[in-house]
>>> print(open('protein27.cif').read())   # mmCIF, C-alpha atoms
data_run
loop_
_atom_site.label_atom_id
_atom_site.label_comp_id
_atom_site.auth_asym_id
_atom_site.auth_seq_id
_atom_site.Cartn_x
_atom_site.Cartn_y
_atom_site.Cartn_z
CA MET Y 22 102.11 85.33 90.70
CA THR Y 23 105.74 84.48 90.08
CA THR Y 24 104.90 81.04 88.79
CA ARG Y 25 102.24 82.38 86.46
CA VAL Y 26 104.19 85.29 85.04
CA ARG Y 27 107.79 84.02 84.96
CA PRO Y 28 107.46 82.21 81.59
CA LEU Y 29 106.63 85.52 79.91
CA SER Y 30 109.58 87.26 78.35
CA ILE Y 31 109.77 91.04 78.15
CA VAL Y 32 108.99 90.79 74.46
CA CYS Y 33 105.78 88.94 75.27
CA LEU Y 34 104.74 91.72 77.60
CA ALA Y 35 105.66 94.39 75.08
CA GLY Y 36 103.84 92.45 72.39
CA ALA Y 37 100.74 92.30 74.54
CA SER Y 38 100.17 95.93 73.65
CA ALA Y 39 99.65 94.79 70.08
CA LEU Y 40 96.52 92.96 71.18
CA LEU Y 41 94.79 96.22 71.97
CA ALA Y 42 92.75 96.79 68.84
CA GLY Y 43 91.85 100.28 69.98
CA CYS Y 44 95.52 101.24 70.02
CA GLY Y 45 95.96 101.72 66.33
CA GLY Y 46 94.65 98.53 64.79
CA ALA Y 47 97.76 96.48 65.53
CA THR Y 48 97.49 92.75 65.01
CA ASP Y 49 99.13 89.78 66.67
CA SER Y 50 101.96 90.11 64.16
CA GLY Y 51 103.46 92.53 66.63
CA GLU Y 52 102.39 95.88 65.24
CA ASP Y 53 102.11 98.84 67.60
CA LYS Y 54 102.91 102.50 67.13
CA ALA Y 55 105.76 105.05 67.62
CA SER Y 56 109.16 106.21 66.03
CA ALA Y 57 112.39 108.44 66.39
CA ARG Y 58 116.21 108.91 66.89
CA THR Y 59 118.70 110.87 69.21
CA SER Y 60 120.62 110.35 72.47
CA ALA Y 61 119.58 110.07 76.12
CA ALA Y 62 121.27 113.35 76.87
CA PRO Y 63 120.27 115.89 74.20
CA SER Y 64 122.96 116.35 71.55
CA PRO Y 65 124.21 119.87 70.75
CA GLU Y 66 121.91 119.91 67.72
CA THR Y 67 118.83 118.99 69.75
CA PRO Y 68 116.66 121.99 70.66
CA THR Y 69 115.93 122.46 74.34
CA PRO Y 70 112.40 121.23 75.12
CA PRO Y 71 109.82 123.40 76.86
CA PRO Y 72 109.52 122.69 80.59
CA GLY Y 73 107.72 119.38 81.12
CA PRO Y 74 107.31 116.63 83.71
CA GLU Y 75 110.57 115.35 85.16
CA MET Y 76 111.31 111.77 84.08
CA LYS Y 77 114.03 110.54 86.43
CA LEU Y 78 114.45 106.81 85.96
CA PRO Y 79 115.80 104.41 88.60
CA ALA Y 80 119.56 103.86 88.53
CA ASN Y 81 119.09 100.36 87.09
CA LEU Y 82 116.99 101.51 84.13
CA GLN Y 83 118.17 103.50 81.11
CA VAL Y 84 116.60 104.80 77.89
CA THR Y 85 119.16 105.90 75.30
CA PHE Y 86 118.89 107.42 71.82
CA GLU Y 87 121.39 107.47 69.02
CA LYS Y 88 122.36 111.03 68.10
CA THR Y 89 120.73 112.42 64.97
CA LYS Y 90 121.56 115.75 63.38
CA LEU Y 91 118.67 117.55 61.71
CA ASP Y 92 119.09 120.98 60.11
CA ASP Y 93 115.41 121.91 60.24
CA PRO Y 94 114.52 123.14 63.77
CA GLU Y 95 110.91 121.95 63.52
CA GLU Y 96 111.96 118.46 62.50
CA ALA Y 97 114.50 118.39 65.32
CA ALA Y 98 111.84 119.45 67.84
CA ALA Y 99 109.37 116.85 66.55
CA LEU Y 100 112.04 114.15 66.90
CA ARG Y 101 112.99 115.35 70.37
CA ASP Y 102 109.42 115.12 71.64
CA ALA Y 103 108.79 111.80 69.90
CA GLN Y 104 111.72 110.45 71.88
CA LEU Y 105 110.38 111.95 75.07
CA TYR Y 106 107.04 110.22 74.39
CA ALA Y 107 108.87 106.91 73.96
CA LYS Y 108 110.78 107.51 77.18
CA SER Y 109 107.53 108.37 78.98
CA THR Y 110 106.22 104.84 78.39
CA VAL Y 111 109.25 103.43 80.22
CA PHE Y 112 108.97 106.04 82.95
CA GLY Y 113 105.31 105.13 83.46
CA ILE Y 114 106.28 101.47 83.86
CA ALA Y 115 108.85 102.44 86.48
CA GLU Y 116 106.18 104.54 88.24
CA GLN Y 117 103.60 101.74 87.89
CA ASP Y 118 101.09 104.41 86.84
CA PRO Y 119 99.06 103.82 83.65
CA LYS Y 120 97.89 107.44 83.87
CA SER Y 121 101.42 108.77 84.20
CA LYS Y 122 101.56 112.54 83.87
CA ALA Y 123 104.55 112.35 81.52
CA ALA Y 124 102.85 110.06 79.01
CA ARG Y 125 99.79 112.30 79.00
CA TYR Y 126 101.91 115.44 78.60
CA TYR Y 127 103.62 114.16 75.44
CA SER Y 128 100.50 112.82 73.71
CA VAL Y 129 97.35 114.37 72.30
CA PRO Y 130 94.53 114.11 74.88
CA GLY Y 131 92.18 111.23 74.06
CA SER Y 132 94.33 110.08 71.14
CA GLN Y 133 95.36 106.60 70.14
CA ALA Y 134 98.90 107.43 71.26
CA GLN Y 135 97.68 108.25 74.75
CA GLU Y 136 95.68 105.01 74.88
CA TYR Y 137 98.71 103.05 73.67
CA ALA Y 138 100.96 104.46 76.40
CA GLN Y 139 98.33 103.83 79.06
CA TYR Y 140 97.81 100.25 77.94
CA ARG Y 141 101.51 99.42 77.64
CA ILE Y 142 102.19 100.75 81.14
CA GLY Y 143 99.09 99.01 82.47
CA VAL Y 144 100.27 95.58 81.25
CA TYR Y 145 103.26 95.82 83.57
CA ALA Y 146 101.44 97.45 86.47
CA GLN Y 147 98.70 94.81 86.46
CA GLU Y 148 101.29 92.02 86.77
CA GLY Y 149 103.41 93.85 89.36
CA LEU Y 150 106.35 94.03 86.97
CA THR Y 151 108.87 96.70 86.10
CA MET Y 152 111.84 96.95 83.75
CA VAL Y 153 115.59 97.02 84.43
CA GLY Y 154 118.46 97.39 82.00
CA GLU Y 155 118.77 99.56 78.91
CA ARG Y 156 116.36 100.17 76.04
CA ARG Y 157 118.31 101.54 73.09
CA HIS Y 158 116.86 103.56 70.20
CA SER Y 159 118.45 104.19 66.80
CA ARG Y 160 117.83 104.83 63.08
CA ALA Y 161 115.62 107.86 63.57
CA GLU Y 162 114.06 109.57 60.57
CA VAL Y 163 111.67 112.49 60.27
CA ARG Y 164 109.47 113.24 57.26
CA PRO Y 165 106.38 115.35 56.57
CA ALA Y 166 103.23 113.48 57.55
CA ASP Y 167 101.18 112.27 54.60
CA GLY Y 168 98.31 114.60 53.83
CA LYS Y 169 99.07 116.95 56.73
CA LYS Y 170 100.40 120.50 56.47
CA ASP Y 171 101.68 120.85 60.01
CA GLY Y 172 102.73 117.39 61.14
CA TYR Y 173 105.64 114.96 60.92
CA ALA Y 174 106.03 111.21 60.93
CA VAL Y 175 108.95 110.14 63.12
CA THR Y 176 110.34 106.64 62.89
CA PHE Y 177 113.02 104.82 64.87
CA CYS Y 178 114.00 101.40 66.16
CA SER Y 179 114.21 100.19 69.74
CA ASP Y 180 116.24 97.26 70.99
CA GLU Y 181 115.13 95.58 74.23
CA SER Y 182 117.69 92.77 74.22
CA LYS Y 183 119.43 94.39 77.21
CA VAL Y 184 116.16 94.80 79.15
CA ALA Y 185 114.99 92.42 81.85
CA GLY Y 186 111.66 92.12 83.61
CA LYS Y 187 111.58 92.38 87.39
CA HIS Y 188 108.87 91.25 89.82
CA ILE Y 189 108.49 94.16 92.23
CA ALA Y 190 107.28 92.03 95.15
CA SER Y 191 109.89 89.28 94.98
CA GLY Y 192 112.75 91.09 93.24
CA ASP Y 193 113.14 88.19 90.81
CA THR Y 194 114.29 89.13 87.32
CA PHE Y 195 114.09 87.39 83.96
CA PRO Y 196 115.99 88.48 80.84
CA SER Y 197 114.62 89.27 77.43
CA ASP Y 198 115.02 86.77 74.64
CA PRO Y 199 117.92 87.70 72.33
CA GLY Y 200 117.52 88.30 68.62
CA PRO Y 201 114.83 89.82 66.39
CA THR Y 202 112.00 89.23 68.88
CA ASN Y 203 113.27 92.25 70.79
CA LEU Y 204 113.62 94.63 67.85
CA TRP Y 205 110.78 97.13 67.49
CA HIS Y 206 110.04 99.68 64.78
CA TRP Y 207 108.18 102.80 65.88
CA THR Y 208 106.17 105.21 63.75
CA LEU Y 209 104.87 108.29 65.56
CA ASP Y 210 102.59 110.93 64.11
CA MET Y 211 103.62 114.24 65.63
CA VAL Y 212 101.53 117.42 65.69
CA PRO Y 213 102.23 120.83 67.27
CA SER Y 214 100.71 121.52 70.66
CA PRO Y 215 97.92 124.10 70.48
CA LYS Y 216 98.82 125.36 73.95
CA VAL Y 217 102.61 125.15 74.43
CA ASP Y 218 105.04 126.79 72.02
CA ASP Y 219 107.66 124.48 70.49
CA LEU Y 220 106.04 121.36 71.98
CA TRP Y 221 105.13 118.48 69.66
CA LEU Y 222 102.60 115.87 70.72
CA THR Y 223 102.26 112.27 69.63
CA LYS Y 224 98.86 111.64 68.09
CA LYS Y 225 99.31 108.10 66.80
CA ALA Y 226 101.85 105.44 67.73
CA ILE Y 227 102.45 102.33 65.64
CA VAL Y 228 105.00 99.85 66.97
CA LYS Y 229 105.89 96.80 64.90
CA GLY Y 230 107.49 93.87 66.67
CA ARG Y 231 110.11 91.43 65.32
CA ALA Y 232 111.35 94.28 63.15
CA SER Y 233 114.58 92.73 61.90
CA ALA Y 234 113.87 93.92 58.35
CA GLU Y 235 113.63 97.54 59.47
CA CYS Y 236 116.15 97.50 62.32
CA SER Y 237 118.96 95.06 61.50
#
>>> encode(input="protein27.cif", output="C-alpha cells")
Amino acid sequence: MTTRVRPLSIVCLAGASALLAGCGGATDSGEDKASARTSAAPSPETPTPPPGPEMKLPANLQVTFEKTKLDDPEEAAALRDAQLYAKSTVFGIAEQDPKSKAARYYSVPGSQAQEYAQYRIGVYAQEGLTMVGERRHSRAEVRPADGKKDGYAVTFCSDESKVAGKHIASGDTFPSDPGPTNLWHWTLDMVPSPKVDDLWLTKKAIVKGRASAECS
C-alpha cells in the first residue's frame, strides 16, 4: 500500500473529493464545497454553540480559524457552525469513520454537504491514511443566501501547506506540496436546524482547489 499511495500528496487526496459528481457538481478543476472564518477556540464575539458531538483531535492535528467579528448574532452563529462542519471533516478523517457522527450532526440529512463530508473522509479511510499538522482557515465572510429568506452563504479559505499525510499502518508521513495547490476556497450554504435552536446546518458545500485568486 505504501508504494502505491506514497506518490499522492495531501492535495491530491483532497482534490479527489472533486471527482465526486454527486457532491455538488465539482469538476477536475478542483471545485468542492464549503466556506467560513474564526478561531479554533471561539473568540469572545462567537456565540456559544448548542451541545453537540465532542470533536477532540489528536495532539498532532490542529484545525484553526482566524477570528472574525460579526455584529449580527445569526450571522455569527451561521459562521460558527460552518466552521464546525469544516472541522468535522478533519475529525472524521482522524476517526477513520466516513459516517462520523459529528459530520452528520452539522449537515442537513441526505444533503450534498453530508455526502461531501462522507466522501472526503472515505478517501482517507479507504487508503488507511490520516492527517497530521495544522489546517488553517481565514478570510471568512457571511452574506444572505441568494433567493433564500432564512439562509446564509459562508465563505472562507483553508491552507493545507502545513498538513502532512500519514499511513496509519506504517507510521510513514509525506508532506503537502507548498504553494497554491494547497489553498482551498469554501462556500457553504447554511440553513437553520428545524430541531435544535440556534444550530445552523450545512446544506451544500463547494470547495474550489488551487484558490490562489481567492485566498492569496
>>> atom_distance(input="protein27.cif", atom1="atom CA of Thr176 of chain Y", atom2="atom CA of Lys77 of chain Y")
24.1 Å
>>> residues_around(input="protein27.cif", residues="Ser233 of chain Y", least_positions_apart="6", cutoff="10 Å", atoms="only C-alpha atoms", output="number ranges by chain")
Y: 178, 200-206
>>> write_last_selection(input="protein27.cif", atoms="C-alpha atoms", output="PDB file, in the coordinates of the input")
ATOM      1  CA  CYS Y 178     114.000 101.400  66.160  1.00  0.00           C
ATOM      2  CA  GLY Y 200     117.520  88.300  68.620  1.00  0.00           C
ATOM      3  CA  PRO Y 201     114.830  89.820  66.390  1.00  0.00           C
ATOM      4  CA  THR Y 202     112.000  89.230  68.880  1.00  0.00           C
ATOM      5  CA  ASN Y 203     113.270  92.250  70.790  1.00  0.00           C
ATOM      6  CA  LEU Y 204     113.620  94.630  67.850  1.00  0.00           C
ATOM      7  CA  TRP Y 205     110.780  97.130  67.490  1.00  0.00           C
ATOM      8  CA  HIS Y 206     110.040  99.680  64.780  1.00  0.00           C
TER       9      HIS Y 206
END
>>> residues_around(input="protein27.cif", residues="segment 68-70 of chain Y", least_positions_apart="5", cutoff="8 Å", atoms="all atoms listed in the file", output="ChimeraX atom specification")
/Y:63,94,97-98,101-102,219-220
>>> closest_residue(input="protein27.cif", among="Y:Val228, Y:Leu209, Y:Ala146, Y:Leu91", to="Pro119 of chain Y", atoms="all atoms listed in the file")
Y:Ala146
>>> closest_residue(input="protein27.cif", among="Y:Val184, Y:Ser121, Y:Thr110, Y:Thr89", to="Pro74 of chain Y", atoms="only C-alpha atoms")
Y:Ser121
>>> atom_distance(input="protein27.cif", atom1="atom CA of Glu181 of chain Y", atom2="atom CA of Ser128 of chain Y")
22.6 Å
>>> residues_near_point(input="protein27.cif", point="(102.4, 115.2, 79.4)", cutoff="12 Å", atoms="all atoms listed in the file", output="tab-separated table (two decimals) with C-alpha atoms, keeping the file's coordinate frame")
chain	number	residue	atom	x	y	z
Y	71	PRO	CA	109.82	123.40	76.86
Y	72	PRO	CA	109.52	122.69	80.59
Y	73	GLY	CA	107.72	119.38	81.12
Y	74	PRO	CA	107.31	116.63	83.71
Y	75	GLU	CA	110.57	115.35	85.16
Y	76	MET	CA	111.31	111.77	84.08
Y	102	ASP	CA	109.42	115.12	71.64
Y	103	ALA	CA	108.79	111.80	69.90
Y	105	LEU	CA	110.38	111.95	75.07
Y	106	TYR	CA	107.04	110.22	74.39
Y	107	ALA	CA	108.87	106.91	73.96
Y	108	LYS	CA	110.78	107.51	77.18
Y	109	SER	CA	107.53	108.37	78.98
Y	110	THR	CA	106.22	104.84	78.39
Y	112	PHE	CA	108.97	106.04	82.95
Y	113	GLY	CA	105.31	105.13	83.46
Y	120	LYS	CA	97.89	107.44	83.87
Y	121	SER	CA	101.42	108.77	84.20
Y	122	LYS	CA	101.56	112.54	83.87
Y	123	ALA	CA	104.55	112.35	81.52
Y	124	ALA	CA	102.85	110.06	79.01
Y	125	ARG	CA	99.79	112.30	79.00
Y	126	TYR	CA	101.91	115.44	78.60
Y	127	TYR	CA	103.62	114.16	75.44
Y	128	SER	CA	100.50	112.82	73.71
Y	129	VAL	CA	97.35	114.37	72.30
Y	130	PRO	CA	94.53	114.11	74.88
Y	134	ALA	CA	98.90	107.43	71.26
Y	135	GLN	CA	97.68	108.25	74.75
Y	138	ALA	CA	100.96	104.46	76.40
Y	214	SER	CA	100.71	121.52	70.66
Y	217	VAL	CA	102.61	125.15	74.43
Y	220	LEU	CA	106.04	121.36	71.98
Y	221	TRP	CA	105.13	118.48	69.66
Y	222	LEU	CA	102.60	115.87	70.72
Y	223	THR	CA	102.26	112.27	69.63
